[in-house]
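Source file coords25.cif; content: mmCIF, C-alpha atoms (C1' of nucleotides).
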```cif
data_coords
loop_
_atom_site.label_atom_id
_atom_site.label_comp_id
_atom_site.auth_asym_id
_atom_site.auth_seq_id
_atom_site.Cartn_x
_atom_site.Cartn_y
_atom_site.Cartn_z
CA MET B 16 -8.47 -20.14 57.09
CA LYS B 17 -7.86 -16.45 57.49
CA ILE B 18 -9.23 -14.08 60.11
CA GLY B 19 -9.52 -10.36 59.51
CA TYR B 20 -10.94 -7.05 60.67
CA ALA B 21 -12.61 -4.04 59.10
CA CYS B 22 -11.36 -0.59 58.24
CA LEU B 23 -9.36 0.72 61.18
CA LEU B 24 -6.72 -0.04 63.76
CA VAL B 25 -7.40 0.25 67.47
CA GLY B 26 -4.50 1.06 69.80
CA VAL B 27 -1.98 2.04 67.14
CA ALA B 28 -0.99 5.70 67.25
CA GLY B 29 -1.24 7.84 64.17
CA THR B 30 -3.46 5.55 62.11
CA GLY B 31 -6.61 7.68 61.93
CA PHE B 32 -8.11 8.58 58.56
CA LYS B 33 -8.74 12.15 57.53
CA THR B 34 -11.74 13.41 55.64
CA CYS B 35 -13.36 16.73 54.75
CA ILE B 36 -16.83 18.09 54.25
CA LYS B 37 -18.19 18.86 50.82
CA LYS B 38 -17.97 22.64 51.05
CA ASN B 39 -14.24 22.47 51.90
CA ALA B 40 -13.39 19.83 49.32
CA THR B 41 -10.98 21.69 47.08
CA GLN B 42 -8.72 19.57 44.86
CA GLU B 43 -5.75 20.58 46.99
CA LYS B 44 -7.50 19.58 50.20
CA LEU B 45 -8.58 16.26 48.67
CA GLN B 46 -5.06 15.51 47.51
CA ASN B 47 -3.68 16.13 51.01
CA VAL B 48 -6.32 13.93 52.62
CA ILE B 49 -5.74 11.09 50.15
CA ASP B 50 -1.98 11.34 50.63
CA HIS B 51 -2.47 11.03 54.39
CA ASN B 52 -4.93 8.14 54.09
CA LEU B 53 -2.63 6.17 51.79
CA ARG B 54 0.19 6.52 54.32
CA VAL B 55 -2.19 5.22 56.98
CA LEU B 56 -3.25 2.34 54.72
CA ASP B 57 0.40 1.42 54.30
CA ARG B 58 0.84 1.30 58.09
CA MET B 59 -2.23 -0.92 58.34
CA ILE B 60 -0.79 -3.30 55.78
CA ASP B 61 2.47 -3.42 57.75
CA TYR B 62 0.51 -4.12 60.94
CA ASN B 63 -1.30 -6.98 59.21
CA ILE B 64 1.96 -8.47 58.01
CA ASP B 65 3.50 -8.19 61.49
CA HIS B 66 0.50 -9.95 63.05
CA ASP B 67 -0.11 -12.59 60.37
CA ILE B 68 -3.49 -11.08 59.52
CA GLY B 69 -4.33 -12.36 56.05
CA LEU B 70 -7.76 -10.78 55.59
CA PHE B 71 -8.39 -7.05 55.57
CA ARG B 72 -11.34 -4.81 54.70
CA MET B 73 -10.40 -1.33 53.57
CA SER B 74 -12.51 1.64 54.55
CA SER B 75 -14.64 3.27 51.86
CA ASP B 76 -13.44 6.58 53.30
CA LEU B 77 -9.98 5.98 51.83
CA ILE B 78 -10.70 8.38 48.97
CA PRO B 79 -13.07 11.13 50.14
CA PHE B 80 -15.97 11.63 47.72
CA GLY B 81 -14.50 8.77 45.72
CA SER B 82 -17.71 8.24 43.78
CA SER B 83 -18.86 11.85 43.65
CA PRO B 84 -18.27 14.53 40.98
CA VAL B 85 -16.88 16.62 43.84
CA ASN B 86 -13.64 14.67 43.47
CA THR B 87 -12.18 14.95 39.96
CA LEU B 88 -8.62 14.10 40.96
CA LYS B 89 -6.96 11.36 38.96
CA TRP B 90 -5.91 9.65 42.15
CA GLU B 91 -4.97 6.37 40.48
CA GLU B 92 -2.25 8.18 38.53
CA ILE B 93 -1.24 10.81 41.09
CA PHE B 94 -0.50 8.15 43.69
CA SER B 95 0.55 5.35 41.35
CA SER B 96 3.85 4.64 43.07
CA GLN B 97 2.15 4.35 46.49
CA TRP B 98 -0.52 2.02 45.08
CA GLU B 99 2.12 -0.10 43.44
CA ALA B 100 4.26 -0.43 46.56
CA MET B 101 1.29 -1.39 48.71
CA GLY B 102 -0.05 -3.78 46.08
CA LYS B 103 3.31 -5.52 46.05
CA LYS B 104 3.21 -6.02 49.82
CA ILE B 105 -0.34 -7.33 49.66
CA LYS B 106 0.48 -9.89 46.97
CA GLU B 107 3.81 -10.97 48.42
CA ASN B 108 2.20 -11.61 51.79
CA ASN B 109 -0.83 -13.36 50.33
CA MET B 110 -3.13 -10.81 51.98
CA ARG B 111 -6.75 -10.88 50.89
CA ILE B 112 -8.36 -7.42 50.69
CA SER B 113 -11.99 -6.40 50.45
CA MET B 114 -14.31 -3.41 50.60
CA HIS B 115 -17.87 -2.99 51.80
CA PRO B 116 -20.01 -0.07 50.62
CA GLY B 117 -22.46 0.75 53.38
CA GLN B 118 -26.22 0.77 53.77
CA TYR B 119 -26.56 3.80 51.53
CA THR B 120 -25.37 2.08 48.38
CA VAL B 121 -28.58 0.54 47.08
CA LEU B 122 -28.58 -1.27 43.78
CA ASN B 123 -32.24 -2.29 43.81
CA SER B 124 -33.85 1.10 44.48
CA PRO B 125 -36.87 2.01 42.35
CA ARG B 126 -35.30 5.45 42.02
CA LYS B 127 -33.12 5.75 38.93
CA GLU B 128 -30.80 8.35 40.49
CA VAL B 129 -30.14 6.14 43.52
CA VAL B 130 -29.23 3.17 41.32
CA LYS B 131 -26.99 5.37 39.21
CA ARG B 132 -25.11 6.53 42.30
CA ALA B 133 -24.87 2.94 43.57
CA VAL B 134 -23.25 1.87 40.30
CA ALA B 135 -20.86 4.84 40.50
CA ASP B 136 -20.01 3.81 44.04
CA LEU B 137 -19.28 0.21 43.00
CA GLU B 138 -17.15 1.62 40.21
CA TYR B 139 -15.17 3.62 42.82
CA HIS B 140 -14.63 0.56 45.00
CA VAL B 141 -13.41 -1.55 42.11
CA ARG B 142 -11.00 1.21 41.09
CA VAL B 143 -9.40 1.01 44.55
CA LEU B 144 -9.06 -2.77 44.36
CA GLU B 145 -7.56 -2.51 40.89
CA CYS B 146 -4.99 -0.01 42.15
CA LEU B 147 -3.76 -2.57 44.68
CA ASP B 148 -4.51 -6.11 43.61
CA SER B 149 -7.18 -6.92 41.05
CA SER B 150 -7.26 -10.64 41.88
CA GLN B 151 -10.79 -12.05 41.73
CA LYS B 152 -10.28 -13.32 45.27
CA ASN B 153 -10.53 -9.73 46.52
CA LYS B 154 -14.17 -8.87 47.01
CA ILE B 155 -16.66 -6.03 47.29
CA ILE B 156 -19.51 -6.91 49.62
CA LEU B 157 -23.00 -5.54 49.00
CA HIS B 158 -26.37 -5.93 50.67
CA ILE B 159 -29.42 -6.47 48.51
CA GLY B 160 -31.16 -3.25 49.56
CA GLY B 161 -34.74 -2.32 50.38
CA ALA B 162 -38.04 -4.20 49.94
CA TYR B 163 -40.28 -1.27 48.96
CA GLY B 164 -43.45 -3.14 49.90
CA ASP B 165 -42.91 -5.83 47.26
CA LYS B 166 -39.90 -7.97 48.01
CA ARG B 167 -40.18 -10.20 44.91
CA ALA B 168 -40.19 -7.18 42.63
CA ALA B 169 -37.31 -5.66 44.60
CA MET B 170 -35.29 -8.88 44.20
CA ASP B 171 -36.06 -8.95 40.48
CA ARG B 172 -34.84 -5.37 40.24
CA PHE B 173 -31.58 -6.32 41.99
CA VAL B 174 -31.01 -9.13 39.47
CA GLU B 175 -31.84 -6.89 36.55
CA ASN B 176 -29.50 -4.11 37.72
CA TYR B 177 -26.78 -6.62 38.55
CA ARG B 178 -26.86 -7.90 34.97
CA ARG B 179 -26.23 -4.39 33.69
CA LEU B 180 -23.03 -4.01 35.75
CA SER B 181 -19.65 -4.08 34.04
CA ASP B 182 -17.62 -7.31 34.12
CA ARG B 183 -15.00 -5.40 36.11
CA ILE B 184 -17.50 -4.98 38.93
CA LYS B 185 -19.10 -8.43 38.61
CA LYS B 186 -15.68 -10.03 38.98
CA HIS B 187 -15.47 -8.72 42.56
CA LEU B 188 -19.06 -8.35 43.73
CA ILE B 189 -20.45 -10.67 46.39
CA ILE B 190 -23.75 -10.41 48.27
CA GLU B 191 -24.65 -10.69 51.93
CA ASN B 192 -27.71 -11.40 54.08
CA ASP B 193 -28.71 -8.47 56.30
CA ASP B 194 -30.21 -8.06 59.77
CA LYS B 195 -33.57 -6.62 58.69
CA ILE B 196 -34.80 -7.56 55.24
CA TYR B 197 -32.98 -10.15 53.13
CA ARG B 198 -32.29 -13.53 54.73
CA VAL B 199 -29.73 -16.06 53.55
CA LYS B 200 -32.33 -18.05 51.63
CA GLU B 201 -33.31 -15.02 49.58
CA VAL B 202 -29.71 -14.00 48.99
CA LEU B 203 -28.95 -17.56 47.79
CA ASP B 204 -31.89 -17.26 45.41
CA ILE B 205 -30.41 -14.04 43.99
CA SER B 206 -27.01 -15.70 43.80
CA GLU B 207 -28.46 -18.45 41.64
CA ARG B 208 -29.85 -15.88 39.25
CA THR B 209 -26.75 -13.65 39.12
CA GLY B 210 -23.81 -15.93 39.81
CA ALA B 211 -22.63 -13.66 42.63
CA PRO B 212 -21.08 -15.62 45.55
CA VAL B 213 -22.79 -15.30 48.93
CA VAL B 214 -20.98 -14.20 52.07
CA LEU B 215 -22.84 -15.61 55.04
CA ASP B 216 -23.20 -13.20 57.94
CA VAL B 217 -23.80 -15.56 60.83
CA PHE B 218 -24.88 -12.80 63.22
CA HIS B 219 -27.42 -11.38 60.75
CA ASP B 220 -28.73 -14.91 60.32
CA LYS B 221 -29.24 -15.08 64.07
CA ILE B 222 -31.00 -11.68 64.21
CA ASN B 223 -33.00 -12.21 61.03
CA PRO B 224 -33.35 -15.99 60.73
CA ASP B 225 -35.16 -18.18 58.28
CA PRO B 226 -38.77 -18.83 59.44
CA ASP B 227 -37.98 -22.50 60.10
CA HIS B 228 -34.68 -21.69 61.85
CA THR B 229 -32.51 -23.78 59.59
CA PRO B 230 -29.21 -24.51 61.41
CA VAL B 231 -26.22 -22.44 60.41
CA ASP B 232 -24.11 -25.31 59.14
CA TYR B 233 -26.70 -25.91 56.41
CA TRP B 234 -26.31 -22.30 55.25
CA LEU B 235 -22.52 -22.59 55.51
CA ARG B 236 -22.62 -25.44 53.02
CA GLN B 237 -25.15 -23.79 50.73
CA CYS B 238 -23.17 -20.56 50.60
CA GLN B 239 -19.94 -22.47 50.02
CA THR B 240 -21.32 -23.84 46.73
CA THR B 241 -21.76 -20.29 45.37
CA TRP B 242 -17.99 -19.72 45.39
CA LYS B 243 -16.06 -20.69 42.26
CA LYS B 244 -12.37 -21.57 42.43
CA GLU B 245 -11.37 -18.15 41.07
CA ASP B 246 -13.32 -16.46 43.86
CA GLY B 247 -11.04 -17.93 46.50
CA THR B 248 -11.96 -19.40 49.87
CA PRO B 249 -15.61 -18.75 50.86
CA LYS B 250 -15.95 -15.86 53.29
CA ILE B 251 -18.20 -15.39 56.26
CA HIS B 252 -18.85 -12.48 58.59
CA TYR B 253 -18.76 -13.20 62.30
CA SER B 254 -19.91 -10.86 65.05
CA GLU B 255 -21.65 -10.91 68.40
CA GLN B 256 -24.41 -8.95 70.13
CA ASN B 257 -23.47 -5.98 72.30
CA PRO B 258 -25.39 -6.85 75.49
CA LEU B 259 -25.87 -3.15 76.32
CA LYS B 260 -27.33 -2.10 72.97
CA GLN B 261 -30.11 -2.68 70.44
CA PRO B 262 -30.40 -6.17 68.94
CA GLY B 263 -28.06 -6.19 65.95
CA SER B 264 -25.41 -3.90 67.48
CA HIS B 265 -21.90 -5.27 67.34
CA SER B 266 -20.05 -6.10 70.55
CA GLU B 267 -16.98 -4.30 71.87
CA THR B 268 -14.86 -7.41 71.54
CA ILE B 269 -15.25 -11.02 70.42
CA GLY B 270 -15.72 -13.42 73.32
CA GLY B 271 -12.98 -16.05 73.18
CA ASP B 272 -15.18 -18.85 74.51
CA SER B 273 -18.15 -18.06 72.27
CA PHE B 274 -15.90 -17.78 69.25
CA LEU B 275 -14.21 -21.13 69.85
CA SER B 276 -17.52 -22.82 70.49
CA TRP B 277 -19.03 -21.32 67.33
CA MET B 278 -16.01 -22.50 65.33
CA GLU B 279 -17.13 -26.08 65.96
CA ASN B 280 -19.86 -25.47 63.37
CA LEU B 281 -17.16 -25.41 60.71
CA ARG B 282 -15.97 -28.94 61.44
CA GLY B 283 -12.88 -28.55 59.28
CA MET B 284 -14.58 -26.55 56.51
CA ASP B 285 -12.21 -23.93 55.12
CA VAL B 286 -13.59 -20.39 55.29
CA ASP B 287 -12.14 -16.90 55.73
CA ILE B 288 -13.67 -15.05 58.64
CA MET B 289 -14.22 -11.30 58.72
CA LEU B 290 -14.87 -10.06 62.24
CA GLU B 291 -17.23 -7.13 62.66
CA VAL B 292 -16.48 -5.76 66.10
CA LYS B 293 -15.62 -2.48 67.76
CA ASP B 294 -12.11 -3.42 68.83
CA LYS B 295 -11.19 -4.38 65.25
CA ASN B 296 -7.59 -5.66 64.99
CA LEU B 297 -7.50 -6.52 68.69
CA SER B 298 -10.17 -9.19 68.27
CA ALA B 299 -8.55 -10.41 65.05
CA VAL B 300 -5.26 -11.00 66.86
CA LYS B 301 -7.11 -12.59 69.77
CA CYS B 302 -9.05 -15.01 67.58
CA LEU B 303 -5.95 -15.91 65.58
CA ASN B 304 -4.08 -16.65 68.80
CA LEU B 305 -6.98 -18.73 70.11
CA VAL B 306 -7.09 -21.02 67.10
CA ASP B 307 -3.33 -21.23 66.56
CA PRO B 308 -2.35 -24.91 66.91
CA ARG B 309 1.33 -23.96 67.29
CA GLY B 310 0.78 -21.03 69.62
CA LYS B 311 3.78 -19.92 71.68
CA MET B 312 3.95 -18.43 75.16
CA LYS B 313 6.02 -15.64 73.64
CA THR B 314 2.99 -14.45 71.67
CA LEU B 315 0.93 -14.15 74.85
CA GLU B 316 3.77 -12.30 76.55
CA GLN B 317 3.77 -9.78 73.70
CA GLU B 318 0.00 -9.42 73.99
CA TRP B 319 0.33 -8.94 77.73
CA ALA B 320 2.82 -6.12 77.27
CA ARG B 321 0.08 -4.20 75.45
CA TYR B 322 -2.85 -5.12 77.70
CA LYS B 323 -1.30 -5.09 81.16
CA TYR B 324 -1.90 -1.49 82.27
CA LEU B 325 -5.40 -1.53 80.84
CA VAL B 326 -6.13 -4.65 82.89
CA LEU B 327 -4.47 -3.17 85.97
CA GLU B 328 -6.71 -0.11 85.64
CA HIS B 329 -9.74 -2.39 85.96
CA SER B 330 -8.55 -5.06 88.36
CA GLN B 331 -5.41 -5.75 90.36
CA ARG B 332 -6.66 -9.30 90.86
CA ALA B 333 -6.92 -10.02 87.13
CA TYR B 334 -3.47 -8.47 86.65
CA ASP B 335 -1.98 -10.84 89.24
CA GLN B 336 -3.80 -13.82 87.76
CA VAL B 337 -2.35 -13.23 84.30
CA ARG B 338 1.15 -12.77 85.70
CA GLU B 339 0.76 -16.10 87.49
CA LEU B 340 -0.49 -17.72 84.28
CA LEU B 341 2.48 -16.47 82.28
CA LYS B 342 5.03 -17.71 84.82
CA LYS B 343 4.56 -21.24 83.58
CA LYS B 344 7.01 -21.63 80.76
CA SER B 345 5.31 -24.56 79.07
CA GLY B 346 1.93 -24.91 77.43
CA TYR B 347 -0.16 -22.24 75.73
CA PRO B 348 -3.01 -21.06 77.94
CA ALA B 349 -4.50 -18.64 75.38
CA GLN B 350 -8.09 -19.30 76.34
CA SER B 351 -7.59 -18.61 80.06
CA PHE B 352 -5.41 -15.64 79.19
CA TYR B 353 -8.17 -13.89 77.23
CA GLN B 354 -10.87 -15.01 79.66
CA ILE B 355 -9.17 -13.14 82.50
CA ILE B 356 -8.44 -10.06 80.40
CA ASP B 357 -11.92 -9.79 78.85
CA GLN B 358 -13.67 -10.38 82.15
CA SER B 359 -11.65 -7.64 83.82
CA LEU B 360 -12.33 -5.13 81.04
CA LYS B 361 -16.11 -5.60 81.23
CA SER B 362 -16.44 -3.56 84.42
CA GLU B 363 -15.87 0.17 84.81
CA PRO B 364 -12.60 0.83 86.62
CA ASP B 365 -12.95 2.06 90.19
CA LYS B 366 -10.98 5.12 91.21
CA SER B 367 -8.41 3.38 93.37
CA SER B 368 -7.38 0.84 90.74
CA ALA B 369 -7.34 3.58 88.08
CA VAL B 370 -4.99 5.67 90.26
CA ASN B 371 -2.84 2.62 90.87
CA ALA B 372 -2.51 2.07 87.11
CA LEU B 373 -1.71 5.76 86.54
CA ASP B 374 1.11 5.51 89.06
CA HIS B 375 2.52 2.39 87.43
CA VAL B 376 2.52 4.13 84.07
CA TRP B 377 3.95 7.31 85.56
CA GLY B 378 6.82 5.18 86.84
CA HIS B 379 8.05 4.82 83.25
CA LEU B 380 7.93 8.56 82.66
CA LYS B 381 8.96 10.36 85.81
CA LYS B 382 12.68 10.14 85.17
CA SER B 383 12.42 11.87 81.79
CA ALA B 384 9.69 14.34 82.72
CA GLU B 385 10.48 18.00 83.40
CA GLU B 386 9.53 19.64 86.67
CA ARG B 387 6.41 21.33 85.27
CA GLU B 388 5.31 17.99 83.82
CA HIS B 389 5.65 16.47 87.27
CA GLN B 390 3.58 19.31 88.69
CA ARG B 391 0.91 18.97 86.04
CA TYR B 392 0.65 15.23 86.69
CA ARG B 393 0.29 15.75 90.45
CA LEU B 394 -2.35 18.43 89.86
CA LEU B 395 -4.41 16.33 87.43
CA LEU B 396 -4.12 13.26 89.64
CA GLU B 397 -5.43 15.22 92.60
CA ARG B 398 -8.29 16.63 90.51
CA TYR B 399 -9.20 13.15 89.34
CA ARG B 400 -9.17 11.91 92.94
CA GLN B 401 -11.57 14.69 93.91
CA GLY B 402 -13.80 14.10 90.89
CA THR B 403 -13.11 17.43 89.19
CA CYS B 404 -11.50 16.00 86.08
CA SER B 405 -11.93 12.81 84.08
CA LEU B 406 -9.57 9.86 83.99
CA ASN B 407 -8.98 10.48 80.29
CA THR B 408 -7.73 13.98 80.99
CA VAL B 409 -4.96 12.56 83.18
CA LYS B 410 -4.23 9.84 80.64
CA LYS B 411 -4.00 12.40 77.85
CA HIS B 412 -1.30 14.26 79.77
CA LEU B 413 0.67 11.03 80.21
CA TRP B 414 0.19 10.14 76.55
CA LYS B 415 1.73 13.46 75.51
CA LEU B 416 4.80 12.59 77.57
CA VAL B 417 4.93 9.09 76.07
CA VAL B 418 5.05 10.65 72.60
CA LYS B 419 7.44 13.42 73.61
CA TYR B 420 9.94 11.03 75.18
CA GLN B 421 9.15 8.17 72.78
CA GLU B 422 8.80 5.78 75.70
CA PRO B 423 9.11 2.47 73.83
CA TYR B 424 7.17 0.25 76.22
CA LEU B 425 4.20 2.59 76.59
CA ILE B 426 3.88 3.76 73.02
CA GLN B 427 2.33 0.43 72.08
CA SER B 428 0.23 0.09 75.24
CA LEU B 429 -3.52 -0.32 74.87
CA TYR B 430 -3.81 1.66 78.08
CA PHE B 431 -3.87 4.75 75.86
CA LYS B 432 -6.21 3.50 73.16
CA GLU B 433 -8.97 6.00 74.01
CA VAL B 434 -6.73 9.05 74.13
CA MET B 435 -3.99 8.50 71.56
CA ASP B 436 -5.59 10.38 68.64
"C1'" DT Y 11 -39.42 13.65 60.69
"C1'" DG Y 12 -36.36 10.77 63.28
"C1'" DA Y 13 -33.86 6.41 63.67
"C1'" DC Y 14 -30.51 3.61 61.89
"C1'" DG Y 15 -24.58 3.40 61.69
"C1'" DT Y 16 -20.15 5.43 61.18
"C1'" DC Y 17 -16.40 8.30 61.86
"C1'" DA Y 18 -14.04 12.57 62.06
"C1'" DA Y 19 -14.57 17.53 60.85
"C1'" DG Y 20 -16.43 21.54 62.38
"C1'" DA Y 21 -18.45 24.41 65.87
"C1'" DT Y 22 -18.88 25.97 70.27
"C1'" DC Y 23 -17.96 26.28 75.01
"C1'" DC Y 24 -14.88 26.70 79.01
"C1'" DG Y 25 -11.17 28.06 82.00
"C1'" DC E 8 -5.36 30.27 73.48
"C1'" DG E 9 -5.72 25.38 73.97
"C1'" DG E 10 -8.40 21.76 75.37
"C1'" DA E 11 -12.85 19.53 76.12
"C1'" DT E 12 -17.34 18.56 74.49
"C1'" DC E 13 -21.28 18.94 71.44
"C1'" DT E 14 -23.16 18.88 66.68
"C1'" DT E 15 -23.05 17.96 61.87
"C1'" DG E 16 -22.19 15.69 57.58
"C1'" DA E 17 -23.06 12.17 53.88
"C1'" DC E 18 -25.70 8.50 52.41
"C1'" DG E 19 -31.17 5.73 51.59
"C1'" DT E 20 -34.96 3.31 53.65
"C1'" DC E 21 -38.61 2.67 56.66
"C1'" DA E 22 -41.74 3.37 60.68
#
```
So that I can check it, write out the structure of this file as structure tokens.
Amino acid sequence: MKIGYACLLVGVAGTGFKTCIKKNATQEKLQNVIDHNLRVLDRMIDYNIDHDIGLFRMSSDLIPFGSSPVNTLKWEEIFSSQWEAMGKKIKENNMRISMHPGQYTVLNSPRKEVVKRAVADLEYHVRVLECLDSSQKNKIILHIGGAYGDKRAAMDRFVENYRRLSDRIKKHLIIENDDKIYRVKEVLDISERTGAPVVLDVFHDKINPDPDHTPVDYWLRQCQTTWKKEDGTPKIHYSEQNPLKQPGSHSETIGGDSFLSWMENLRGMDVDIMLEVKDKNLSAVKCLNLVDPRGKMKTLEQEWARYKYLVLEHSQRAYDQVRELLKKKSGYPAQSFYQIIDQSLKSEPDKSSAVNALDHVWGHLKKSAEEREHQRYRLLLERYRQGTCSLNTVKKHLWKLVVKYQEPYLIQSLYFKEVMD
DNA sequence: TGACGTCAAGATCCG
DNA sequence: CGGATCTTGACGTCA
């Protein structure tokens, strides 16, 4: 079983993608952006290796206008050595990669031009996979598309257009149930007619269930049969509802308890799990740690080093509780560990605990800081106290000092995740 | 015509 | 002038 995340890293400095708008998309600009994005991709791969993350979805934004005539660069060739080096890392570390064109890539549209662009977009995605690792286990995930007032006809059109795709694309293409239109049952029907494996999105199935509310473990088994040996371990998508947003919106983080309790549905079945969640890699590491049968206290200590000031900002009590928990040198209390952290992060920080955390962080920096940096900190802190500047403004100032003085403990701290880019 | 979702670029405002 | 904040882009479907 592998657990992975989608597209970007949270809390790791300097890993943001670049893009450009169409009117500025000169070949030179595009080449610079791609060069930057490939460097970022390489850092993501390294992060995955460091954290034993074996499943990874790459952003479609990797190559700007990758499926548009705007971009005529031969980026496979121009960046061949970078592709090759990254591909080597991916294969050597048994990392499974994927891509997921968004809601605007519609293969079953009645409009010819839309279908044509969808095929071009699939072509782009397969080119990226082929640059890195063309194993059939690496997948491109696609939704079925619209219904257009006649779902049967729309499904037929999907099947028909699927059959016209190149073998290069078919080798990687898998299909997914969505939250509004196509339910698992219908996607399985299309799978039977096309041979495309089905990735079960368990959250979409909750939001957009079968009329007779068939239990999820039935669909798990049905979807599993659509995967051939060459396709690798069956994949599922797992996410949770954001309680503050519209039904269907993904949560900030994966709840440790809900995840573990959902995992009981698998009852030993081997699947790879892609998490769709705002905090990306952070939830992937969390879920991996929660299910690790050989988990070590040392891992939690490393996690704590990154979370501690963020937790302190929200709650001194939670901070003390985790410290207490980590004092015990035996056992592996991962579930309690994340319970305390996640609970504390749910509430908005109050001003006094936020100031307390700022002062703790400042403690790492004040020896290196110059006099005017001291002054600036005192000024911003006072403004924040009086409500005339935001917490993030103060944190941004501290983050600049962290980078300037390369403070090793703080540079990896999630305390700065909102202000580091 | 706006909502949906996604993220940064681009534009504009502010001190 | 630099930093903070608001708006736009790029895509297709559906109410």
Kindly determine which residues of chain B lie within 8 Å of chain E, considering all atoms listed in the file, and give the answer as a PyMOL selection string. chain B and resi 36+118-121+161
Write down, as a PyMOL selection string, each residue of chain B that has any atom within 10 Å of an atom of chain Y, counting all atoms listed in the file. chain B and resi 31-36+76+117-118+264
Residues picked by the PyMOL selection byres ((chain B and resi 93-107) around 7) here, as a short mmCIF file (atom, residue, chain, number, x, y, z; two decimals) with C-alpha atoms, keeping the file's coordinate frame?
```
data_model
loop_
_atom_site.label_atom_id
_atom_site.label_comp_id
_atom_site.auth_asym_id
_atom_site.auth_seq_id
_atom_site.Cartn_x
_atom_site.Cartn_y
_atom_site.Cartn_z
CA ASP B 57 0.40 1.42 54.30
CA LYS B 89 -6.96 11.36 38.96
CA TRP B 90 -5.91 9.65 42.15
CA GLU B 91 -4.97 6.37 40.48
CA GLU B 92 -2.25 8.18 38.53
CA ASN B 108 2.20 -11.61 51.79
CA ASN B 109 -0.83 -13.36 50.33
CA MET B 110 -3.13 -10.81 51.98
CA CYS B 146 -4.99 -0.01 42.15
CA LEU B 147 -3.76 -2.57 44.68
CA ASP B 148 -4.51 -6.11 43.61
#
```
Near-segment 294-307 of chain B list (10 Å; all atoms listed in the file; drop same-chain fewer than 2 positions) as a PyMOL selection string: chain B and resi 16-27+59+62-63+66-68+70-71+266-272+274-275+278+288-292+309-311+314-315+318+347-353+429
Work out how far atom CA of Arg179 of chain B is from atom CA of Val202 of chain B, in Å to one decimal. 18.4 Å
N, CA and C atoms restored at segment 209-221 of chain B, emitted as a PDB file, in the coordinates of the input:
```
ATOM      1  N   THR B 209     -27.775 -14.608  39.548  1.00  0.00           N
ATOM      2  CA  THR B 209     -26.750 -13.650  39.120  1.00  0.00           C
ATOM      3  C   THR B 209     -25.368 -14.278  39.013  1.00  0.00           C
ATOM      4  N   GLY B 210     -25.146 -15.354  39.742  1.00  0.00           N
ATOM      5  CA  GLY B 210     -23.810 -15.930  39.810  1.00  0.00           C
ATOM      6  C   GLY B 210     -22.926 -15.291  40.866  1.00  0.00           C
ATOM      7  N   ALA B 211     -23.442 -14.304  41.594  1.00  0.00           N
ATOM      8  CA  ALA B 211     -22.630 -13.660  42.630  1.00  0.00           C
ATOM      9  C   ALA B 211     -22.500 -14.584  43.846  1.00  0.00           C
ATOM     10  N   PRO B 212     -21.263 -14.799  44.342  1.00  0.00           N
ATOM     11  CA  PRO B 212     -21.080 -15.620  45.550  1.00  0.00           C
ATOM     12  C   PRO B 212     -21.762 -14.962  46.755  1.00  0.00           C
ATOM     13  N   VAL B 213     -22.125 -15.794  47.730  1.00  0.00           N
ATOM     14  CA  VAL B 213     -22.790 -15.300  48.930  1.00  0.00           C
ATOM     15  C   VAL B 213     -21.840 -15.345  50.120  1.00  0.00           C
ATOM     16  N   VAL B 214     -21.696 -14.205  50.798  1.00  0.00           N
ATOM     17  CA  VAL B 214     -20.980 -14.200  52.070  1.00  0.00           C
ATOM     18  C   VAL B 214     -22.043 -14.324  53.163  1.00  0.00           C
ATOM     19  N   LEU B 215     -21.869 -15.364  53.972  1.00  0.00           N
ATOM     20  CA  LEU B 215     -22.840 -15.610  55.040  1.00  0.00           C
ATOM     21  C   LEU B 215     -22.473 -14.783  56.257  1.00  0.00           C
ATOM     22  N   ASP B 216     -23.398 -13.913  56.680  1.00  0.00           N
ATOM     23  CA  ASP B 216     -23.200 -13.200  57.940  1.00  0.00           C
ATOM     24  C   ASP B 216     -23.929 -13.971  59.024  1.00  0.00           C
ATOM     25  N   VAL B 217     -23.170 -14.629  59.879  1.00  0.00           N
ATOM     26  CA  VAL B 217     -23.800 -15.560  60.830  1.00  0.00           C
ATOM     27  C   VAL B 217     -24.558 -14.816  61.925  1.00  0.00           C
ATOM     28  N   PHE B 218     -24.173 -13.599  62.215  1.00  0.00           N
ATOM     29  CA  PHE B 218     -24.880 -12.800  63.220  1.00  0.00           C
ATOM     30  C   PHE B 218     -26.208 -12.279  62.647  1.00  0.00           C
ATOM     31  N   HIS B 219     -26.164 -11.806  61.404  1.00  0.00           N
ATOM     32  CA  HIS B 219     -27.420 -11.380  60.750  1.00  0.00           C
ATOM     33  C   HIS B 219     -28.391 -12.547  60.672  1.00  0.00           C
ATOM     34  N   ASP B 220     -27.856 -13.727  60.408  1.00  0.00           N
ATOM     35  CA  ASP B 220     -28.730 -14.910  60.320  1.00  0.00           C
ATOM     36  C   ASP B 220     -29.375 -15.222  61.675  1.00  0.00           C
ATOM     37  N   LYS B 221     -28.696 -14.871  62.725  1.00  0.00           N
ATOM     38  CA  LYS B 221     -29.240 -15.080  64.070  1.00  0.00           C
ATOM     39  C   LYS B 221     -30.346 -14.047  64.358  1.00  0.00           C
TER      40      LYS B 221
END
```
